[in-house]
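For reference, entry-v7.pdb is printed below; it contains PDB, C-alpha atoms.
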```
MODEL        1
ATOM      1  CA  MET A   1    -196.956-120.011 -36.124
ATOM      2  CA  LYS A   2    -194.692-121.943 -33.786
ATOM      3  CA  LYS A   3    -194.275-124.691 -36.373
ATOM      4  CA  PHE A   4    -193.454-122.128 -39.041
ATOM      5  CA  LEU A   5    -190.783-120.535 -36.870
ATOM      6  CA  LEU A   6    -189.293-123.946 -36.102
ATOM      7  CA  ASN A   7    -189.172-124.736 -39.817
ATOM      8  CA  VAL A   8    -187.461-121.407 -40.525
ATOM      9  CA  LEU A   9    -184.977-122.068 -37.730
ATOM     10  CA  LEU A  10    -184.300-125.582 -39.007
ATOM     11  CA  PHE A  11    -183.843-124.343 -42.575
ATOM     12  CA  SER A  12    -181.493-121.584 -41.378
ATOM     13  CA  LEU A  13    -179.471-124.095 -39.378
ATOM     14  CA  ILE A  14    -179.168-126.496 -42.326
ATOM     15  CA  PHE A  15    -178.237-123.623 -44.649
ATOM     16  CA  ALA A  16    -175.598-122.372 -42.190
ATOM     17  CA  ILE A  17    -174.072-125.844 -41.837
ATOM     18  CA  PHE A  18    -174.033-126.215 -45.620
ATOM     19  CA  ALA A  19    -172.444-122.769 -46.089
ATOM     20  CA  PHE A  20    -169.745-123.449 -43.489
ATOM     21  CA  PHE A  21    -168.972-126.824 -45.082
ATOM     22  CA  ILE A  22    -168.654-125.334 -48.586
ATOM     23  CA  ASP A  23    -166.515-122.525 -47.178
ATOM     24  CA  PHE A  24    -164.287-125.046 -45.384
ATOM     25  CA  ALA A  25    -163.980-127.253 -48.478
ATOM     26  CA  VAL A  26    -163.147-124.354 -50.806
ATOM     27  CA  ASN A  27    -160.571-122.969 -48.354
ATOM     28  CA  LYS A  28    -158.928-126.374 -47.985
ATOM     29  CA  GLY A  29    -158.934-127.022 -51.706
ATOM     30  CA  LEU A  30    -157.468-123.660 -52.655
ATOM     31  CA  SER A  31    -154.789-123.670 -49.963
ATOM     32  CA  SER A  32    -153.576-127.126 -51.068
ATOM     33  CA  MET A  33    -153.251-126.108 -54.739
ATOM     34  CA  LYS A  34    -149.806-125.690 -56.273
ATOM     35  CA  ASP A  35    -150.910-122.353 -57.656
ATOM     36  CA  TYR A  36    -148.627-119.494 -56.636
ATOM     37  CA  ARG A  37    -151.558-117.300 -55.585
ATOM     38  CA  PHE A  38    -152.524-119.659 -52.751
ATOM     39  CA  GLN A  39    -149.392-121.778 -52.417
ATOM     40  CA  ARG A  40    -147.217-118.967 -51.033
ATOM     41  CA  TRP A  41    -149.671-117.902 -48.303
ATOM     42  CA  ASN A  42    -150.075-121.538 -47.280
ATOM     43  CA  GLU A  43    -146.308-122.094 -47.160
ATOM     44  CA  ILE A  44    -146.005-119.102 -44.848
ATOM     45  CA  LYS A  45    -148.749-120.367 -42.556
ATOM     46  CA  ASP A  46    -147.134-123.811 -42.360
ATOM     47  CA  GLY A  47    -144.269-122.085 -40.533
ATOM     48  CA  LYS A  48    -141.532-124.146 -42.166
ATOM     49  CA  ILE A  49    -139.841-121.523 -44.352
ATOM     50  CA  ASN A  50    -137.651-119.841 -41.719
ATOM     51  CA  ALA A  51    -135.455-118.192 -44.339
ATOM     52  CA  ASP A  52    -132.125-116.571 -43.492
ATOM     53  CA  ILE A  53    -132.616-114.101 -46.347
ATOM     54  CA  LEU A  54    -136.072-112.723 -47.036
ATOM     55  CA  ILE A  55    -137.048-110.722 -50.127
ATOM     56  CA  ASN A  56    -139.930-108.263 -49.846
ATOM     57  CA  GLY A  57    -141.553-105.867 -52.311
ATOM     58  CA  ASN A  58    -144.060-105.715 -55.156
ATOM     59  CA  SER A  59    -144.261-107.733 -58.386
ATOM     60  CA  ARG A  60    -140.765-106.552 -59.308
ATOM     61  CA  ALA A  61    -139.508-108.246 -56.160
ATOM     62  CA  MET A  62    -141.568-111.348 -56.891
ATOM     63  CA  SER A  63    -140.167-111.823 -60.404
ATOM     64  CA  HIS A  64    -136.689-110.227 -60.225
ATOM     65  CA  PHE A  65    -135.097-111.974 -57.220
ATOM     66  CA  VAL A  66    -134.360-115.666 -57.756
ATOM     67  CA  PRO A  67    -133.804-117.343 -54.347
ATOM     68  CA  SER A  68    -131.723-120.208 -55.734
ATOM     69  CA  GLU A  69    -129.120-117.707 -56.996
ATOM     70  CA  PHE A  70    -128.725-116.232 -53.507
ATOM     71  CA  ASP A  71    -128.617-119.707 -51.937
ATOM     72  CA  ALA A  72    -125.816-120.764 -54.279
ATOM     73  CA  VAL A  73    -123.634-117.677 -53.827
ATOM     74  CA  LEU A  74    -124.269-116.841 -50.170
ATOM     75  CA  ASN A  75    -124.985-120.333 -48.843
ATOM     76  CA  TYR A  76    -128.030-119.156 -46.909
ATOM     77  CA  LYS A  77    -131.679-120.160 -47.219
ATOM     78  CA  THR A  78    -133.694-117.567 -49.190
ATOM     79  CA  TYR A  79    -137.409-116.977 -49.705
ATOM     80  CA  ASN A  80    -139.229-114.482 -51.927
ATOM     81  CA  LEU A  81    -142.171-112.798 -50.191
ATOM     82  CA  GLY A  82    -142.968-110.340 -53.036
ATOM     83  CA  PHE A  83    -146.599-109.192 -53.182
ATOM     84  CA  GLY A  84    -147.456-108.535 -56.826
ATOM     85  CA  GLY A  85    -149.556-105.497 -57.652
ATOM     86  CA  HIS A  86    -149.401-103.945 -54.189
ATOM     87  CA  PRO A  87    -147.436-101.021 -52.708
ATOM     88  CA  PHE A  88    -145.674-101.021 -49.364
ATOM     89  CA  ASN A  89    -148.633-100.978 -46.959
ATOM     90  CA  ALA A  90    -149.786-104.409 -48.205
ATOM     91  CA  GLN A  91    -146.172-105.634 -48.273
ATOM     92  CA  TYR A  92    -145.912-104.691 -44.591
ATOM     93  CA  LEU A  93    -149.066-106.721 -43.884
ATOM     94  CA  LYS A  94    -147.563-109.767 -45.586
ATOM     95  CA  TYR A  95    -144.249-109.387 -43.778
ATOM     96  CA  GLY A  96    -146.141-109.321 -40.456
ATOM     97  CA  TYR A  97    -148.006-112.473 -41.489
ATOM     98  CA  TYR A  98    -144.701-114.138 -42.340
ATOM     99  CA  ILE A  99    -142.958-113.432 -39.019
ATOM    100  CA  ASN A 100    -146.099-114.472 -37.163
ATOM    101  CA  TYR A 101    -145.381-118.046 -38.295
ATOM    102  CA  ASN A 102    -141.668-118.112 -39.153
ATOM    103  CA  LYS A 103    -138.455-116.993 -37.515
ATOM    104  CA  LYS A 104    -137.170-113.550 -38.418
ATOM    105  CA  PRO A 105    -134.572-113.412 -41.206
ATOM    106  CA  GLN A 106    -130.955-112.349 -40.769
ATOM    107  CA  LEU A 107    -131.035-110.253 -43.942
ATOM    108  CA  LEU A 108    -134.020-108.587 -45.586
ATOM    109  CA  ILE A 109    -133.811-107.375 -49.188
ATOM    110  CA  GLN A 110    -136.512-104.781 -49.766
ATOM    111  CA  ASN A 111    -137.173-103.902 -53.378
ATOM    112  CA  VAL A 112    -138.056-100.216 -53.746
ATOM    113  CA  ASP A 113    -139.022 -98.104 -56.755
ATOM    114  CA  PHE A 114    -141.056 -95.093 -57.836
ATOM    115  CA  ILE A 115    -144.417 -96.655 -56.822
ATOM    116  CA  THR A 116    -143.434 -98.388 -53.568
ATOM    117  CA  LEU A 117    -144.741 -95.594 -51.331
ATOM    118  CA  THR A 118    -148.079 -94.914 -53.045
ATOM    119  CA  ASP A 119    -151.336 -94.785 -51.070
ATOM    120  CA  ILE A 120    -153.392 -97.778 -52.259
ATOM    121  CA  PHE A 121    -154.976 -99.247 -49.120
ATOM    122  CA  ILE A 122    -156.779-102.188 -50.641
ATOM    123  CA  ILE A 123    -155.932-105.722 -51.672
ATOM    124  CA  GLY A 124    -157.367-105.701 -55.168
ATOM    125  CA  HIS A 125    -154.974-107.342 -57.605
ATOM    126  CA  GLU A 126    -155.510-111.135 -57.449
ATOM    127  CA  ARG A 127    -157.622-110.594 -54.332
ATOM    128  CA  GLU A 128    -158.638-114.250 -54.417
ATOM    129  CA  GLN A 129    -155.206-115.270 -53.122
ATOM    130  CA  ILE A 130    -156.037-114.176 -49.590
ATOM    131  CA  LEU A 131    -159.653-115.421 -49.427
ATOM    132  CA  PRO A 132    -158.870-118.923 -48.032
ATOM    133  CA  PHE A 133    -156.891-117.410 -45.149
ATOM    134  CA  VAL A 134    -159.137-114.645 -43.789
ATOM    135  CA  TYR A 135    -160.003-116.574 -40.611
ATOM    136  CA  ASP A 136    -156.380-116.314 -39.522
ATOM    137  CA  ASP A 137    -156.147-114.296 -36.285
ATOM    138  CA  TYR A 138    -153.389-112.016 -37.544
ATOM    139  CA  LEU A 139    -155.108-111.260 -40.852
ATOM    140  CA  GLN A 140    -158.466-110.610 -39.192
ATOM    141  CA  GLN A 141    -156.831-107.869 -37.147
ATOM    142  CA  HIS A 142    -155.630-106.081 -40.285
ATOM    143  CA  LEU A 143    -157.811-106.854 -43.317
ATOM    144  CA  LEU A 144    -160.495-104.326 -42.352
ATOM    145  CA  HIS A 145    -157.933-101.707 -43.371
ATOM    146  CA  PHE A 146    -157.483-103.312 -46.803
ATOM    147  CA  GLY A 147    -160.958-103.290 -48.301
ATOM    148  CA  PHE A 148    -162.517-106.237 -46.467
ATOM    149  CA  SER A 149    -165.809-105.861 -44.591
ATOM    150  CA  LYS A 150    -166.684-107.556 -41.297
ATOM    151  CA  ILE A 151    -169.222-109.852 -42.942
ATOM    152  CA  GLU A 152    -166.540-111.030 -45.371
ATOM    153  CA  LEU A 153    -164.206-111.815 -42.489
ATOM    154  CA  TYR A 154    -166.690-113.580 -40.216
ATOM    155  CA  LEU A 155    -169.464-115.106 -42.342
ATOM    156  CA  PRO A 156    -168.925-118.047 -44.717
ATOM    157  CA  LEU A 157    -168.747-117.677 -48.510
ATOM    158  CA  ILE A 158    -169.643-113.955 -48.646
ATOM    159  CA  ARG A 159    -166.108-112.985 -49.668
ATOM    160  CA  TYR A 160    -166.255-115.443 -52.586
ATOM    161  CA  PHE A 161    -169.135-113.621 -54.309
ATOM    162  CA  GLY A 162    -167.989-112.877 -57.847
ATOM    163  CA  TYR A 163    -165.354-115.633 -57.736
ATOM    164  CA  GLN A 164    -167.420-118.566 -59.032
ATOM    165  CA  GLN A 165    -164.485-120.135 -60.882
ATOM    166  CA  VAL A 166    -162.340-119.931 -57.748
ATOM    167  CA  ILE A 167    -165.083-121.707 -55.755
ATOM    168  CA  LYS A 168    -165.330-124.394 -58.422
ATOM    169  CA  ASN A 169    -161.565-124.917 -58.527
ATOM    170  CA  GLY A 170    -161.384-125.117 -54.737
ATOM    171  CA  MET A 171    -164.181-127.704 -54.565
ATOM    172  CA  PHE A 172    -162.672-129.806 -57.357
ATOM    173  CA  GLU A 173    -159.294-129.744 -55.603
ATOM    174  CA  PHE A 174    -160.852-130.618 -52.228
ATOM    175  CA  LEU A 175    -162.784-133.531 -53.736
ATOM    176  CA  THR A 176    -159.644-134.592 -55.683
ATOM    177  CA  LEU A 177    -161.622-134.427 -58.938
ATOM    178  CA  LYS A 178    -159.010-132.200 -60.534
ATOM    179  CA  HIS A 179    -155.630-130.771 -59.553
ATOM    180  CA  TYR A 180    -154.478-127.270 -60.437
ATOM    181  CA  ASN A 181    -150.689-127.141 -60.565
ATOM    182  CA  ASN A 182    -150.281-124.837 -63.536
ATOM    183  CA  LYS A 183    -148.147-122.041 -62.072
ATOM    184  CA  MET A 184    -146.080-123.046 -59.076
ATOM    185  CA  ALA A 185    -143.788-120.790 -57.107
ATOM    186  CA  VAL A 186    -140.299-121.991 -56.174
ATOM    187  CA  GLN A 187    -139.187-120.539 -52.853
ATOM    188  CA  GLY A 188    -141.778-117.841 -53.507
ATOM    189  CA  PHE A 189    -140.275-116.862 -56.874
ATOM    190  CA  ILE A 190    -142.515-116.441 -59.936
ATOM    191  CA  PRO A 191    -140.651-116.047 -63.269
ATOM    192  CA  GLU A 192    -142.002-113.733 -65.943
ATOM    193  CA  LYS A 193    -142.647-115.533 -69.224
ATOM    194  CA  GLY A 194    -142.803-113.926 -72.643
ATOM    195  CA  ASN A 195    -140.834-111.724 -75.006
ATOM    196  CA  TRP A 196    -140.046-108.018 -74.885
ATOM    197  CA  ASN A 197    -143.126-105.886 -75.503
ATOM    198  CA  PRO A 198    -142.764-102.074 -75.545
ATOM    199  CA  THR A 199    -146.506-101.355 -75.999
ATOM    200  CA  GLU A 200    -147.190-100.098 -72.472
ATOM    201  CA  LEU A 201    -143.949 -98.138 -72.330
ATOM    202  CA  ASN A 202    -144.801 -96.324 -75.545
ATOM    203  CA  LYS A 203    -148.097 -95.133 -74.045
ATOM    204  CA  ILE A 204    -146.363 -93.392 -71.119
ATOM    205  CA  GLU A 205    -145.294 -89.771 -71.428
ATOM    206  CA  ASN A 206    -143.643 -89.460 -68.038
ATOM    207  CA  LEU A 207    -143.389 -91.100 -64.622
ATOM    208  CA  GLU A 208    -143.145 -89.624 -61.136
ATOM    209  CA  PHE A 209    -141.873 -90.807 -57.763
ATOM    210  CA  SER A 210    -145.106 -91.128 -55.759
ATOM    211  CA  ARG A 211    -145.160 -90.722 -51.978
ATOM    212  CA  ASP A 212    -148.004 -90.835 -49.484
ATOM    213  CA  SER A 213    -147.241 -89.400 -46.018
ATOM    214  CA  PHE A 214    -148.877 -92.279 -44.121
ATOM    215  CA  THR A 215    -147.036 -94.882 -46.208
ATOM    216  CA  VAL A 216    -143.725 -93.040 -45.803
ATOM    217  CA  ASN A 217    -144.190 -93.051 -42.015
ATOM    218  CA  LEU A 218    -145.133 -96.731 -42.107
ATOM    219  CA  PHE A 219    -142.026 -97.514 -44.138
ATOM    220  CA  ASP A 220    -139.899 -95.634 -41.601
ATOM    221  CA  LYS A 221    -141.570 -97.587 -38.772
ATOM    222  CA  TYR A 222    -140.856-100.838 -40.613
ATOM    223  CA  LEU A 223    -137.145-100.044 -40.967
ATOM    224  CA  SER A 224    -136.994 -99.062 -37.302
ATOM    225  CA  GLU A 225    -138.547-102.404 -36.307
ATOM    226  CA  LEU A 226    -136.078-104.306 -38.485
ATOM    227  CA  LYS A 227    -133.193-102.402 -36.898
ATOM    228  CA  ASN A 228    -134.469-103.196 -33.407
ATOM    229  CA  ASP A 229    -134.757-106.868 -34.392
ATOM    230  CA  ASN A 230    -131.092-106.855 -35.489
ATOM    231  CA  ILE A 231    -132.040-107.655 -39.078
ATOM    232  CA  GLU A 232    -129.661-106.362 -41.738
ATOM    233  CA  VAL A 233    -131.507-104.532 -44.530
ATOM    234  CA  VAL A 234    -130.620-103.695 -48.108
ATOM    235  CA  LEU A 235    -132.963-101.482 -50.123
ATOM    236  CA  VAL A 236    -132.672-102.453 -53.786
ATOM    237  CA  ASN A 237    -134.006-100.639 -56.832
ATOM    238  CA  SER A 238    -133.873-103.471 -59.345
ATOM    239  CA  PRO A 239    -133.316-103.008 -63.105
ATOM    240  CA  VAL A 240    -135.717-100.952 -65.209
ATOM    241  CA  TYR A 241    -135.421-100.665 -68.981
ATOM    242  CA  TYR A 242    -133.517 -97.443 -69.638
ATOM    243  CA  LYS A 243    -136.234 -95.800 -71.750
ATOM    244  CA  ALA A 244    -138.615 -96.004 -68.778
ATOM    245  CA  THR A 245    -135.996 -94.542 -66.457
ATOM    246  CA  GLU A 246    -135.601 -91.613 -68.851
ATOM    247  CA  LYS A 247    -139.314 -90.866 -68.365
ATOM    248  CA  LEU A 248    -138.997 -90.697 -64.556
ATOM    249  CA  LEU A 249    -139.027 -86.945 -63.906
ATOM    250  CA  ASP A 250    -137.636 -86.970 -60.358
ATOM    251  CA  ARG A 251    -135.238 -89.889 -60.360
ATOM    252  CA  GLU A 252    -132.631 -88.068 -58.280
ATOM    253  CA  VAL A 253    -135.269 -87.113 -55.708
ATOM    254  CA  MET A 254    -136.231 -90.786 -55.436
ATOM    255  CA  ASN A 255    -132.635 -91.965 -55.078
ATOM    256  CA  GLU A 256    -131.836 -89.323 -52.494
ATOM    257  CA  PHE A 257    -134.932 -90.270 -50.472
ATOM    258  CA  TYR A 258    -133.988 -93.962 -50.334
ATOM    259  CA  LYS A 259    -130.335 -93.169 -49.609
ATOM    260  CA  LYS A 260    -131.330 -90.892 -46.750
ATOM    261  CA  ILE A 261    -133.788 -93.257 -45.096
ATOM    262  CA  ALA A 262    -131.300 -96.136 -45.439
ATOM    263  CA  ARG A 263    -128.536 -94.044 -43.821
ATOM    264  CA  LYS A 264    -130.884 -93.182 -40.951
ATOM    265  CA  TYR A 265    -130.732 -96.808 -39.807
ATOM    266  CA  ASN A 266    -127.235 -97.592 -41.078
ATOM    267  CA  PHE A 267    -128.681 -99.738 -43.868
ATOM    268  CA  THR A 268    -127.693 -99.861 -47.548
ATOM    269  CA  TYR A 269    -129.392 -98.623 -50.704
ATOM    270  CA  LEU A 270    -128.363-100.182 -54.021
ATOM    271  CA  ASP A 271    -129.587 -98.721 -57.303
ATOM    272  CA  TYR A 272    -129.436-101.008 -60.357
ATOM    273  CA  THR A 273    -131.523 -98.824 -62.682
ATOM    274  CA  SER A 274    -128.372 -97.855 -64.602
ATOM    275  CA  ASP A 275    -126.938-101.363 -64.700
ATOM    276  CA  SER A 276    -125.869-102.786 -68.072
ATOM    277  CA  LEU A 277    -128.926-105.089 -67.963
ATOM    278  CA  CYS A 278    -131.140-102.009 -68.295
ATOM    279  CA  PHE A 279    -129.939-101.388 -71.853
ATOM    280  CA  ASP A 280    -130.748-104.864 -73.179
ATOM    281  CA  SER A 281    -134.423-105.335 -74.075
ATOM    282  CA  THR A 282    -133.902-109.112 -74.388
ATOM    283  CA  MET A 283    -133.706-109.181 -70.582
ATOM    284  CA  PHE A 284    -137.233-107.778 -70.156
ATOM    285  CA  VAL A 285    -140.832-108.682 -70.898
ATOM    286  CA  MET A 286    -141.886-105.084 -70.239
ATOM    287  CA  ALA A 287    -140.095-101.942 -69.090
ATOM    288  CA  VAL A 288    -140.261-102.665 -65.344
ATOM    289  CA  HIS A 289    -140.241-106.487 -65.404
ATOM    290  CA  LEU A 290    -137.242-108.670 -66.182
ATOM    291  CA  ASN A 291    -137.841-111.998 -67.859
ATOM    292  CA  GLU A 292    -136.656-115.220 -66.273
ATOM    293  CA  PHE A 293    -133.199-115.067 -67.881
ATOM    294  CA  GLY A 294    -132.751-111.413 -66.910
ATOM    295  CA  ALA A 295    -133.885-112.142 -63.358
ATOM    296  CA  LYS A 296    -131.285-114.881 -62.966
ATOM    297  CA  LYS A 297    -128.502-112.627 -64.261
ATOM    298  CA  PHE A 298    -129.547-109.782 -61.980
ATOM    299  CA  SER A 299    -129.963-112.024 -58.911
ATOM    300  CA  HIS A 300    -126.531-113.556 -59.427
ATOM    301  CA  LYS A 301    -124.995-110.100 -59.764
ATOM    302  CA  LEU A 302    -126.742-108.827 -56.618
ATOM    303  CA  ALA A 303    -125.752-111.951 -54.679
ATOM    304  CA  ILE A 304    -122.093-111.386 -55.611
ATOM    305  CA  ASP A 305    -122.364-107.743 -54.498
ATOM    306  CA  LEU A 306    -123.911-108.779 -51.180
ATOM    307  CA  LYS A 307    -121.185-111.351 -50.626
ATOM    308  CA  LYS A 308    -118.541-108.662 -51.103
ATOM    309  CA  MET A 309    -120.329-106.470 -48.559
ATOM    310  CA  GLU A 310    -120.128-109.281 -45.951
ATOM    311  CA  LEU A 311    -123.411-108.233 -44.396
ATOM    312  CA  LEU A 312    -124.031-111.669 -42.929
ATOM    313  CA  LYS A 313    -120.492-112.235 -41.678
ATOM    314  CA  ASN A 314    -121.271-111.452 -38.051
ATOM    315  CA  LYS A 315    -124.853-112.753 -37.980
TER     316      LYS A 315
ENDMDL
END
```
Here is the file; what I need is its structure written in the form of structure tokens.
Amino acid sequence: MKKFLLNVLLFSLIFAIFAFFIDFAVNKGLSSMKDYRFQRWNEIKDGKINADILINGNSRAMSHFVPSEFDAVLNYKTYNLGFGGHPFNAQYLKYGYYINYNKKPQLLIQNVDFITLTDIFIIGHEREQILPFVYDDYLQQHLLHFGFSKIELYLPLIRYFGYQQVIKNGMFEFLTLKHYNNKMAVQGFIPEKGNWNPTELNKIENLEFSRDSFTVNLFDKYLSELKNDNIEVVLVNSPVYYKATEKLLDREVMNEFYKKIARKYNFTYLDYTSDSLCFDSTMFVMAVHLNEFGAKKFSHKLAIDLKKMELLKNK
């Protein structure tokens, strides 16, 4: 019996060592890939971004705000933090992760829209992007509130169940057998590729400005923290194709909400959903996403507007 128990213990020890090694190798491989899903989190953790202007928001932030346009016009270093597919609560998590490793920005551009304040408390879309980084102290304090279990956060490989291709890619990258540099981010920016497609828009009858009370309070807390940190903030509702805007039932309610909460902290709200870009389908890939050309035009226009406002003059 004693020999059997020793054999079980030895097997368990070998298995644990093997699991921790595979976990380590996959994490290292994924985080070194020039794939925007992992690249951006790794850049943040390296602590070398230290942007003067930081862009936050959902996928519309990630693909609408081109940092190089702001750099050229404003002569400040810009980084795009946008968290595609996630409403504000996850954006707040990522902002906290950013300032845990980088200096606070002088100006924060927060993209807002009709789904910013919804109540999705889970990291689901492209969940694999955060898997290599779950041992981070800051993330471990918060990921339990975003759909992660304790065994996923503390035991090796468990969180990768169902992500066999991700494991394979991570191992290949770690062993330098293959490199995955297919979709790189530049200063956090990910351009949208493709031509105008109205299919999804045509399926929608109407849209509504969604608000969850907890998320609204969190957003208010976030703006208060930024104010206390002496960070200038501009809330920006970036271009939406006009036919989608026409389907938003409570557009004025949304605009008044963002104006009011911006005024509360002496910040600015800029609405570009009636801009001339919104009437040109060649600027979009879908109703709420500009293409790369449209994003550059919008970013240049916004940068000019910000320069006129002289928000960074006294920073």
Counting only C-alpha atoms, which residues in region 4-73 of chain A sit no more than 9 Å from region 117-132 of chain A? For each one, give the nearest pair of atoms and the distance in Å, sorted by chain then residue number, as a tab-separated table.
```
residue	atom	partner	partner_atom	distance
A:Asp23	CA	A:Pro132	CA	8.5
A:Phe24	CA	A:Pro132	CA	8.6
A:Val26	CA	A:Pro132	CA	7.4
A:Asn27	CA	A:Pro132	CA	4.4
A:Lys28	CA	A:Pro132	CA	7.5
A:Gly29	CA	A:Pro132	CA	8.9
A:Leu30	CA	A:Pro132	CA	6.8
A:Ser31	CA	A:Pro132	CA	6.6
A:Tyr36	CA	A:Gln129	CA	8.6
A:Arg37	CA	A:Gln129	CA	4.8
A:Phe38	CA	A:Gln129	CA	5.2
A:Gln39	CA	A:Gln129	CA	8.8
A:Trp41	CA	A:Ile130	CA	7.5
```
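In terms of minimum interatomic distance to Lys227 (chain A), A:Leu107 ranks closest within A:Val66, A:Leu107, A:Ala25, A:Ala19, counting all atoms listed in the file.
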So what does the PyMOL selection byres ((chain A and resi 187) around 9) actually pick up in this one, as JSON, numbers by chain?
{"A": [40, 49, 66, 67, 68, 78, 79, 80, 81, 185, 186, 188, 189, 190]}
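Proximity ranking of A:Phe161, A:His86, A:Arg263, A:Phe284 relative to Asp220 (chain A) places A:Arg263 first, based on only C-alpha atoms.
When only C-alpha atoms are used to measure the gap to Met283 (chain A), the shortest distance among A:Leu306, A:Ile99, A:Val240, A:Leu144 belongs to A:Val240.
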Could you list, as an MDAnalysis selection string, every residue matched by the PyMOL selection byres ((chain A and resi 60) around 12) in this structure?
chainID A and resid 55:59 61:66 80:87 110:116 189:192 236:240 284:292 295 298
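Residues in contact with Lys34 (chain A) at up to 7 Å, not including ones fewer than 4 positions away on its chain and judged by all atoms listed in the file, are Gln39, Tyr180, Asn181 and Met184 of chain A.
Note that CA of Gly47 (chain A) and CA of Lys94 (chain A) are 13.7 Å apart.
Rounded to one decimal, CA of Lys301 (chain A) and CA of Ser281 (chain A) lie 17.8 Å from each other.
You will find CA of Thr273 (chain A) at 22.3 Å from CA of Val73 (chain A).
If you count only C-alpha atoms and ignore residues fewer than 2 places along the chain from Leu74 (chain A), what sits within 7 Å of it is Phe70, Asp71, Ala72, Tyr76, Ala303 and Lys307 of chain A.
For the set A:Ile14, A:Val134, A:Val233, A:Leu108, the residue with the smallest atom-to-atom gap to Tyr154 (chain A) is A:Val134, counting only C-alpha atoms.
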So, with all atoms listed in the file as the atoms that count, which of A:Leu218, A:Ile158, A:Leu312, A:Ile17 lies closest to Ala90 (chain A)?
A:Leu218
Using only C-alpha atoms, collect all residues at a distance of at most 10 Å from (-159.1, -128.2, -58.2) as written in the file, then present them as a compact mmCIF listing (two decimals) with C-alpha atoms, keeping the file's coordinate frame.
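result-v9.txt was written with the following content:
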```
# COMPACT_ATOMS: atom_id res chain seq x y z
CA VAL A 26 -163.15 -124.35 -50.81
CA GLY A 29 -158.93 -127.02 -51.71
CA LEU A 30 -157.47 -123.66 -52.66
CA SER A 32 -153.58 -127.13 -51.07
CA MET A 33 -153.25 -126.11 -54.74
CA LYS A 34 -149.81 -125.69 -56.27
CA VAL A 166 -162.34 -119.93 -57.75
CA ILE A 167 -165.08 -121.71 -55.76
CA LYS A 168 -165.33 -124.39 -58.42
CA ASN A 169 -161.56 -124.92 -58.53
CA GLY A 170 -161.38 -125.12 -54.74
CA MET A 171 -164.18 -127.70 -54.56
CA PHE A 172 -162.67 -129.81 -57.36
CA GLU A 173 -159.29 -129.74 -55.60
CA PHE A 174 -160.85 -130.62 -52.23
CA LEU A 175 -162.78 -133.53 -53.74
CA THR A 176 -159.64 -134.59 -55.68
CA LEU A 177 -161.62 -134.43 -58.94
CA LYS A 178 -159.01 -132.20 -60.53
CA HIS A 179 -155.63 -130.77 -59.55
CA TYR A 180 -154.48 -127.27 -60.44
CA ASN A 181 -150.69 -127.14 -60.56
```
Report as a list in words all protein, DNA and RNA residues lying within 6 Å of Val234 (chain A), evaluated on all atoms listed in the file, omitting residues in the same chain fewer than 6 positions from it.
Ile109, Thr268 and Tyr269 of chain A
For this file, the PyMOL selection byres ((chain A and resi 50) around 8) selects which residues, as a PyMOL selection string?
chain A and resi 47-49+51-52+102-105
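The smallest atom-to-atom distance between Asn202 (chain A) and any of A:Phe15, A:Thr215, A:Glu310, A:Lys247, using only C-alpha atoms, is found for A:Lys247.
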